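This is data_5.txt. It holds compact mmCIF, C-alpha atoms.
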```txt
# COMPACT_ATOMS: atom_id res chain seq x y z
CA MET A 1 -53.76 -62.09 -21.32
CA THR A 2 -56.52 -59.74 -20.12
CA GLU A 3 -55.95 -56.80 -17.81
CA SER A 4 -57.66 -58.71 -14.99
CA THR A 5 -55.20 -61.60 -15.30
CA ARG A 6 -52.03 -59.59 -15.94
CA LYS A 7 -49.55 -59.54 -13.07
CA VAL A 8 -46.85 -56.94 -12.53
CA ALA A 9 -43.90 -57.35 -10.18
CA LEU A 10 -41.42 -54.72 -9.00
CA VAL A 11 -37.96 -56.02 -8.13
CA THR A 12 -35.24 -53.80 -6.69
CA GLY A 13 -31.54 -54.57 -6.72
CA ALA A 14 -32.23 -56.56 -9.87
CA SER A 15 -29.05 -56.11 -11.87
CA ARG A 16 -27.25 -59.19 -10.55
CA GLY A 17 -27.27 -62.02 -8.04
CA ILE A 18 -30.43 -62.75 -6.10
CA GLY A 19 -32.41 -59.85 -7.56
CA ARG A 20 -31.64 -60.85 -11.12
CA ALA A 21 -32.64 -64.45 -10.47
CA ILE A 22 -35.90 -63.31 -8.87
CA ALA A 23 -36.79 -61.08 -11.82
CA LEU A 24 -36.14 -63.87 -14.32
CA ARG A 25 -38.09 -66.44 -12.30
CA LEU A 26 -41.09 -64.14 -11.99
CA ALA A 27 -41.01 -63.41 -15.72
CA LYS A 28 -41.10 -67.16 -16.34
CA GLU A 29 -44.07 -67.33 -13.94
CA GLY A 30 -45.94 -64.87 -16.18
CA TYR A 31 -45.26 -61.53 -14.54
CA ASP A 32 -44.48 -58.35 -16.38
CA ILE A 33 -41.49 -56.90 -14.57
CA ALA A 34 -40.29 -53.49 -13.39
CA ILE A 35 -36.63 -53.63 -12.39
CA CYS A 36 -34.24 -51.14 -10.89
CA ALA A 37 -30.62 -50.98 -9.77
CA ARG A 38 -27.68 -48.63 -10.15
CA SER A 39 -26.09 -50.28 -13.19
CA ALA A 40 -27.77 -49.32 -16.46
CA ASP A 41 -25.70 -51.80 -18.48
CA GLN A 42 -26.54 -54.78 -16.28
CA LEU A 43 -30.21 -53.79 -16.23
CA ALA A 44 -30.24 -53.56 -20.02
CA SER A 45 -28.90 -57.11 -20.25
CA LEU A 46 -31.55 -58.37 -17.83
CA ALA A 47 -34.31 -56.45 -19.62
CA ALA A 48 -33.33 -58.14 -22.88
CA GLU A 49 -33.62 -61.56 -21.22
CA ILE A 50 -37.05 -60.72 -19.82
CA ASP A 51 -38.19 -59.41 -23.20
CA ALA A 52 -37.02 -62.65 -24.81
CA LEU A 53 -39.34 -64.51 -22.43
CA GLY A 54 -42.25 -62.59 -23.92
CA ARG A 55 -42.91 -60.38 -20.90
CA ALA A 56 -43.16 -56.61 -20.76
CA VAL A 57 -40.32 -54.99 -18.86
CA HIS A 58 -39.66 -51.54 -17.44
CA SER A 59 -36.08 -50.78 -16.43
CA THR A 60 -34.83 -47.86 -14.33
CA ALA A 61 -31.21 -47.15 -13.39
CA VAL A 62 -31.44 -45.37 -10.05
CA ASP A 63 -29.75 -44.95 -6.70
CA LEU A 64 -32.46 -45.80 -4.17
CA MET A 65 -30.59 -43.96 -1.42
CA ALA A 66 -31.89 -40.71 -2.92
CA GLU A 67 -34.99 -39.80 -0.91
CA ALA A 68 -37.35 -39.36 -3.86
CA ALA A 69 -36.00 -42.28 -5.91
CA PRO A 70 -38.18 -45.13 -4.56
CA ALA A 71 -41.43 -43.23 -5.11
CA ASP A 72 -40.24 -42.12 -8.55
CA PHE A 73 -39.52 -45.73 -9.48
CA VAL A 74 -42.99 -46.81 -8.38
CA ALA A 75 -44.58 -43.97 -10.36
CA SER A 76 -42.62 -44.80 -13.52
CA ALA A 77 -43.49 -48.49 -13.19
CA LEU A 78 -47.18 -47.64 -12.92
CA THR A 79 -46.97 -45.41 -15.97
CA ALA A 80 -45.22 -48.12 -17.97
CA LEU A 81 -47.05 -51.23 -16.77
CA GLY A 82 -50.31 -49.97 -15.30
CA ARG A 83 -50.55 -51.83 -12.00
CA ILE A 84 -48.59 -53.44 -9.16
CA ASP A 85 -49.29 -56.94 -7.86
CA LEU A 86 -45.99 -57.85 -6.21
CA VAL A 87 -43.09 -55.92 -4.70
CA VAL A 88 -39.80 -57.65 -3.94
CA THR A 89 -37.50 -55.37 -1.95
CA ASN A 90 -34.01 -56.67 -2.47
CA ALA A 91 -31.71 -53.66 -2.81
CA GLY A 92 -28.77 -53.15 -0.54
CA ALA A 93 -25.47 -54.54 0.63
CA THR A 94 -23.96 -53.22 3.84
CA GLU A 95 -20.35 -52.87 4.93
CA ARG A 96 -18.65 -55.49 7.06
CA GLY A 97 -15.95 -54.70 9.58
CA SER A 98 -14.95 -54.26 13.18
CA PHE A 99 -17.44 -52.23 15.19
CA VAL A 100 -14.83 -49.68 16.24
CA ASP A 101 -13.68 -49.22 12.63
CA LEU A 102 -17.09 -48.80 10.99
CA THR A 103 -17.71 -45.13 10.29
CA GLU A 104 -20.78 -42.97 10.78
CA ILE A 105 -21.14 -42.73 6.99
CA GLN A 106 -21.05 -46.52 6.62
CA TRP A 107 -23.82 -46.88 9.19
CA GLN A 108 -25.89 -44.14 7.55
CA ASN A 109 -25.43 -45.62 4.08
CA GLY A 110 -26.39 -49.08 5.29
CA PHE A 111 -29.69 -47.86 6.69
CA ALA A 112 -30.29 -45.48 3.78
CA LEU A 113 -30.09 -48.22 1.16
CA LYS A 114 -31.31 -51.36 2.85
CA PHE A 115 -33.84 -49.92 5.30
CA PHE A 116 -35.16 -46.50 4.33
CA ALA A 117 -35.17 -47.30 0.60
CA HIS A 118 -37.35 -50.34 1.34
CA ILE A 119 -39.68 -48.29 3.54
CA ARG A 120 -40.07 -45.52 0.97
CA LEU A 121 -40.70 -48.00 -1.82
CA LEU A 122 -43.34 -49.90 0.11
CA ARG A 123 -45.03 -46.71 1.27
CA ALA A 124 -45.35 -45.57 -2.35
CA ALA A 125 -46.51 -48.95 -3.62
CA TRP A 126 -48.88 -49.85 -0.77
CA PRO A 127 -52.09 -48.19 -2.07
CA HIS A 128 -51.64 -49.99 -5.39
CA LEU A 129 -50.94 -53.30 -3.67
CA ALA A 130 -54.10 -52.84 -1.62
CA LYS A 131 -56.04 -52.19 -4.81
CA SER A 132 -54.77 -55.38 -6.47
CA GLY A 133 -54.73 -57.61 -3.38
CA GLY A 134 -51.00 -57.78 -3.83
CA ARG A 135 -47.96 -59.34 -2.23
CA VAL A 136 -44.74 -58.11 -0.64
CA VAL A 137 -41.61 -60.21 -0.22
CA VAL A 138 -38.83 -58.56 1.77
CA ILE A 139 -35.35 -59.96 1.17
CA ALA A 140 -33.59 -59.41 4.49
CA GLY A 141 -30.91 -61.81 5.77
CA ILE A 142 -30.03 -64.20 8.56
CA GLY A 143 -27.86 -61.55 10.21
CA GLY A 144 -31.09 -60.14 11.58
CA ARG A 145 -31.60 -63.39 13.51
CA THR A 146 -28.01 -64.18 14.49
CA PRO A 147 -25.90 -61.03 15.00
CA GLY A 148 -22.16 -61.16 14.42
CA ALA A 149 -19.34 -58.85 15.40
CA GLU A 150 -18.22 -58.29 11.80
CA PHE A 151 -21.77 -57.73 10.54
CA ALA A 152 -23.11 -55.15 12.96
CA ILE A 153 -24.58 -52.86 10.30
CA GLY A 154 -26.15 -55.59 8.20
CA GLY A 155 -27.52 -57.43 11.21
CA SER A 156 -29.09 -54.28 12.60
CA VAL A 157 -30.65 -53.36 9.27
CA ASN A 158 -31.99 -56.87 8.71
CA ALA A 159 -33.48 -57.00 12.21
CA ALA A 160 -35.25 -53.71 11.53
CA LEU A 161 -36.60 -55.07 8.24
CA LEU A 162 -37.95 -58.17 9.97
CA SER A 163 -39.76 -55.99 12.50
CA VAL A 164 -41.26 -53.90 9.72
CA THR A 165 -42.34 -57.08 7.92
CA LYS A 166 -44.36 -58.11 10.98
CA ALA A 167 -45.88 -54.63 11.30
CA LEU A 168 -46.84 -54.48 7.62
CA ALA A 169 -48.27 -58.00 7.78
CA GLU A 170 -50.69 -56.79 10.44
CA GLN A 171 -51.57 -53.77 8.30
CA GLY A 172 -51.97 -56.13 5.37
CA LEU A 173 -54.75 -57.99 7.16
CA ALA A 174 -56.86 -54.86 6.92
CA ASP A 175 -55.73 -53.89 3.42
CA GLY A 176 -55.65 -57.29 1.74
CA VAL A 177 -51.88 -57.39 1.19
CA ARG A 178 -49.76 -60.45 1.99
CA VAL A 179 -46.36 -59.60 3.47
CA ASN A 180 -43.54 -62.04 4.19
CA ALA A 181 -39.75 -62.00 4.41
CA ILE A 182 -36.95 -64.31 3.34
CA ASN A 183 -33.63 -64.43 5.16
CA PRO A 184 -31.05 -65.79 2.73
CA GLY A 185 -28.06 -67.52 4.22
CA PRO A 186 -24.81 -68.19 2.35
CA VAL A 187 -25.80 -67.95 -1.31
CA ARG A 188 -23.40 -68.07 -4.25
CA THR A 189 -23.40 -64.39 -5.14
CA ASP A 190 -20.36 -62.33 -6.10
CA ARG A 191 -19.75 -61.60 -2.42
CA LEU A 192 -19.68 -65.27 -1.40
CA THR A 193 -17.51 -66.13 -4.39
CA ARG A 194 -14.94 -63.59 -3.23
CA ARG A 195 -15.00 -65.08 0.27
CA ILE A 196 -14.46 -68.58 -1.10
CA ARG A 197 -11.52 -67.42 -3.20
CA GLY A 198 -10.00 -65.61 -0.24
CA TYR A 199 -10.39 -68.73 1.92
CA ALA A 200 -8.86 -70.86 -0.82
CA THR A 201 -5.84 -68.59 -1.04
CA GLU A 202 -5.42 -68.43 2.74
CA HIS A 203 -5.58 -72.19 3.18
CA GLN A 204 -3.90 -73.15 -0.12
CA LEU A 205 -6.92 -75.02 -1.43
CA GLY A 206 -8.76 -75.23 -4.71
CA GLU A 207 -12.03 -73.30 -4.81
CA ALA A 208 -14.20 -76.43 -4.71
CA ALA A 209 -12.34 -77.79 -1.69
CA ALA A 210 -12.46 -74.40 0.00
CA ALA A 211 -16.21 -74.16 -0.54
CA GLN A 212 -16.75 -77.65 0.87
CA ARG A 213 -14.72 -76.87 3.97
CA MET A 214 -16.53 -73.56 4.48
CA GLU A 215 -19.89 -75.33 4.22
CA GLY A 216 -18.79 -77.64 7.02
CA GLU A 217 -17.57 -74.80 9.19
CA MET A 218 -20.81 -72.87 8.68
CA GLY A 219 -22.94 -75.94 9.40
CA VAL A 220 -24.97 -75.89 6.18
CA VAL A 221 -26.09 -78.70 3.91
CA ARG A 222 -24.65 -76.75 0.97
CA PHE A 223 -24.23 -73.21 -0.22
CA GLY A 224 -27.39 -71.84 -1.75
CA GLU A 225 -27.90 -70.78 -5.33
CA VAL A 226 -29.66 -67.57 -6.31
CA GLU A 227 -32.35 -69.72 -7.91
CA ASP A 228 -33.20 -71.16 -4.48
CA ILE A 229 -34.22 -67.71 -3.28
CA ALA A 230 -36.06 -66.96 -6.52
CA ALA A 231 -38.09 -70.17 -6.19
CA ALA A 232 -39.12 -69.21 -2.66
CA VAL A 233 -40.22 -65.77 -3.83
CA ALA A 234 -42.30 -67.31 -6.60
CA PHE A 235 -43.96 -69.62 -4.08
CA LEU A 236 -44.74 -66.80 -1.62
CA ALA A 237 -46.25 -64.77 -4.45
CA GLY A 238 -48.51 -67.60 -5.54
CA PRO A 239 -51.89 -68.92 -4.41
CA GLU A 240 -50.47 -71.92 -2.54
CA ALA A 241 -48.89 -69.53 -0.02
CA SER A 242 -52.16 -67.87 0.95
CA PHE A 243 -51.75 -68.95 4.61
CA PHE A 244 -48.36 -67.23 4.90
CA GLN A 245 -48.60 -63.81 6.52
CA GLY A 246 -45.80 -62.16 8.46
CA SER A 247 -43.60 -65.23 8.03
CA LEU A 248 -39.85 -64.73 8.44
CA ILE A 249 -38.35 -67.59 6.47
CA ASP A 250 -34.73 -68.60 7.08
CA LEU A 251 -33.55 -70.00 3.76
CA ASP A 252 -30.01 -70.77 4.80
CA GLY A 253 -29.23 -74.47 4.53
CA GLY A 254 -29.52 -74.90 8.29
CA GLN A 255 -27.07 -72.20 9.34
CA THR A 256 -29.46 -70.47 11.74
CA LYS A 257 -29.61 -72.44 14.98
CA THR A 258 -31.99 -70.20 16.96
CA LEU A 259 -35.63 -71.08 17.59
```
Would you write out, as C-alpha cells, the structure that this file holds?
Amino acid sequence: MTESTRKVALVTGASRGIGRAIALRLAKEGYDIAICARSADQLASLAAEIDALGRAVHSTAVDLMAEAAPADFVASALTALGRIDLVVTNAGATERGSFVDLTEIQWQNGFALKFFAHIRLLRAAWPHLAKSGGRVVVIAGIGGRTPGAEFAIGGSVNAALLSVTKALAEQGLADGVRVNAINPGPVRTDRLTRRIRGYATEHQLGEAAAAQRMEGEMGVVRFGEVEDIAAAVAFLAGPEASFFQGSLIDLDGGQTKTL
C-alpha cells in the first residue's frame, strides 16, 4: 500500500465495547489504527488483534480528562503513523442518578471526559484532517435527543456534542472535512449487561427473558450489538457516504420517537 492510499484512523475509548468494535472493524477495512483509553492491558489485547489483521497500530494508555492529553495523543499518533484520515471520538461514560443527588464533581467529570476531551482532540487533529480530506464520526448518544431525569449529565453532554457536530460540519465545508455523529441507543455493552442482570434479579427472570421484556418496554426491535455501531462508522468513513454532512444518526432500534 502506497502512502497516498494508506488510511489512518484515531479511535478513542477503544479498550472495550463500542470503541473496541470500531477499531477492529476499521482495521478490517484497511485502516492503520491509533487507539487510546485508560486501560493499558485492554489496549494491549486490542493492539495484538489489530496487528494480527496485518495493520499498523499505535496504542496509548491515557486519561483524556487531562487537558494536554488529547493533543498529546494526536501528536504521538502522527509520529507513529504519519497522517490522520479519520477521527472517531468515542471516549466517555457519564454518571446516572437523581438530579438533586448528582454532585458538582460528577457534572464536571462528565463534561471533562465526554465533551472537552472530544473538543480538544478534534482541535488538535483538524489541520491534519483538512490536509487529508478526512472524516470525523462523533459517538454521542440518544440522550441528547430525548432527555431523561436519571440521565441529566449524559443527555446534556450528548446534546452539546450534537451541536458541535453541526458547527464542525459547516466548518468542514470550507476545509474539506466530513463530520457526522451517531447516537447509539441500547447496545449490549458492559453497562447494558449489568442493567439486564439487575432487571432479571428484580423480576425473577432469566437474562434472556429479562432482555426480551426490556426490549418491549423500551420500544426497540432488539438490543443493538457493538458491531452495529462499528458498521455505521465504517459506512460514514467510506466513499458511499459522501453526501452525509452534519448528519445526526439515531442508531437505536427505534427507541427515539422524536422527529
- Task: Rank nothing, just name the residue among A:Glu227, A:Arg195, A:Arg135, A:Arg178 nearest to A:Leu24, using all atoms listed in the file.
- Result: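 For A:Leu24, the nearest of the candidates is A:Glu227.
If you measure from each of A:Gly19, A:Gly13, A:Gly154, A:Gly133 to A:Val233 using all atoms listed in the file, the closest one turns out to be A:Gly19.
With atom CA of A:Leu26 on one side and atom CA of A:Ala68 on the other, the separation reads 26.3 Å.
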- Around (-29.4, -55.5, -3.8) in the file's own coordinates, what residues are found within 10 Å if you use all atoms listed in the file, given back as a PyMOL selection string? chain A and resi 11-20+36-38+89-94+113-114+139
Write the selection just made, keeping C-alpha atoms, as a short mmCIF file (atom, residue, chain, number, x, y, z; two decimals), in the frame of the given file?
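The new file out-v7.cif reads:
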```cif
data_model
loop_
_atom_site.label_atom_id
_atom_site.label_comp_id
_atom_site.auth_asym_id
_atom_site.auth_seq_id
_atom_site.Cartn_x
_atom_site.Cartn_y
_atom_site.Cartn_z
CA VAL A 11 -37.96 -56.02 -8.13
CA THR A 12 -35.24 -53.80 -6.69
CA GLY A 13 -31.54 -54.57 -6.72
CA ALA A 14 -32.23 -56.56 -9.87
CA SER A 15 -29.05 -56.11 -11.87
CA ARG A 16 -27.25 -59.19 -10.55
CA GLY A 17 -27.27 -62.02 -8.04
CA ILE A 18 -30.43 -62.75 -6.10
CA GLY A 19 -32.41 -59.85 -7.56
CA ARG A 20 -31.64 -60.85 -11.12
CA CYS A 36 -34.24 -51.14 -10.89
CA ALA A 37 -30.62 -50.98 -9.77
CA ARG A 38 -27.68 -48.63 -10.15
CA THR A 89 -37.50 -55.37 -1.95
CA ASN A 90 -34.01 -56.67 -2.47
CA ALA A 91 -31.71 -53.66 -2.81
CA GLY A 92 -28.77 -53.15 -0.54
CA ALA A 93 -25.47 -54.54 0.63
CA THR A 94 -23.96 -53.22 3.84
CA LEU A 113 -30.09 -48.22 1.16
CA LYS A 114 -31.31 -51.36 2.85
CA ILE A 139 -35.35 -59.96 1.17
#
```
- Item | Two-atom distance - atom CA of A:Ala174, atom CA of A:Tyr31 (Å) |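 According to the coordinates, atom CA of A:Ala174 and atom CA of A:Tyr31 are separated by 25.3 Å.
Take the candidates A:Ala124, A:Leu46, A:Ile153, A:Val177 and check each one against A:Ala237 using all atoms listed in the file; the shortest distance goes to A:Val177.
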- Message: What's the separation between atom CA of A:Pro186 and atom CA of A:Leu122, in Å to one decimal place?
- Response: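 Interatomic distance here is 26.1 Å.
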- Which of these, A:Leu161, A:Leu259, A:Val57, A:Ala125, has the shortest distance to A:Ala71 once you count all atoms listed in the file?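 Of the candidates, the smallest distance to A:Ala71 is held by A:Ala125.
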- Message: Would you pick out the contacts of A:Asp32 at 6 Å or less, using only C-alpha atoms, so that residues sharing its chain but fewer than 5 positions from it are not included, and give the list as a count of residues only?
- Response: 4
- Can you pull out every residue within 12 Å of A:Pro127, counting all atoms listed in the file, but drop anything in the same chain fewer than 4 positions away, and send it as JSON, numbers by chain? {"A": [74, 75, 78, 83, 84, 85, 121, 122, 123, 131, 132, 133, 134, 135, 171, 172, 175, 176, 177]}
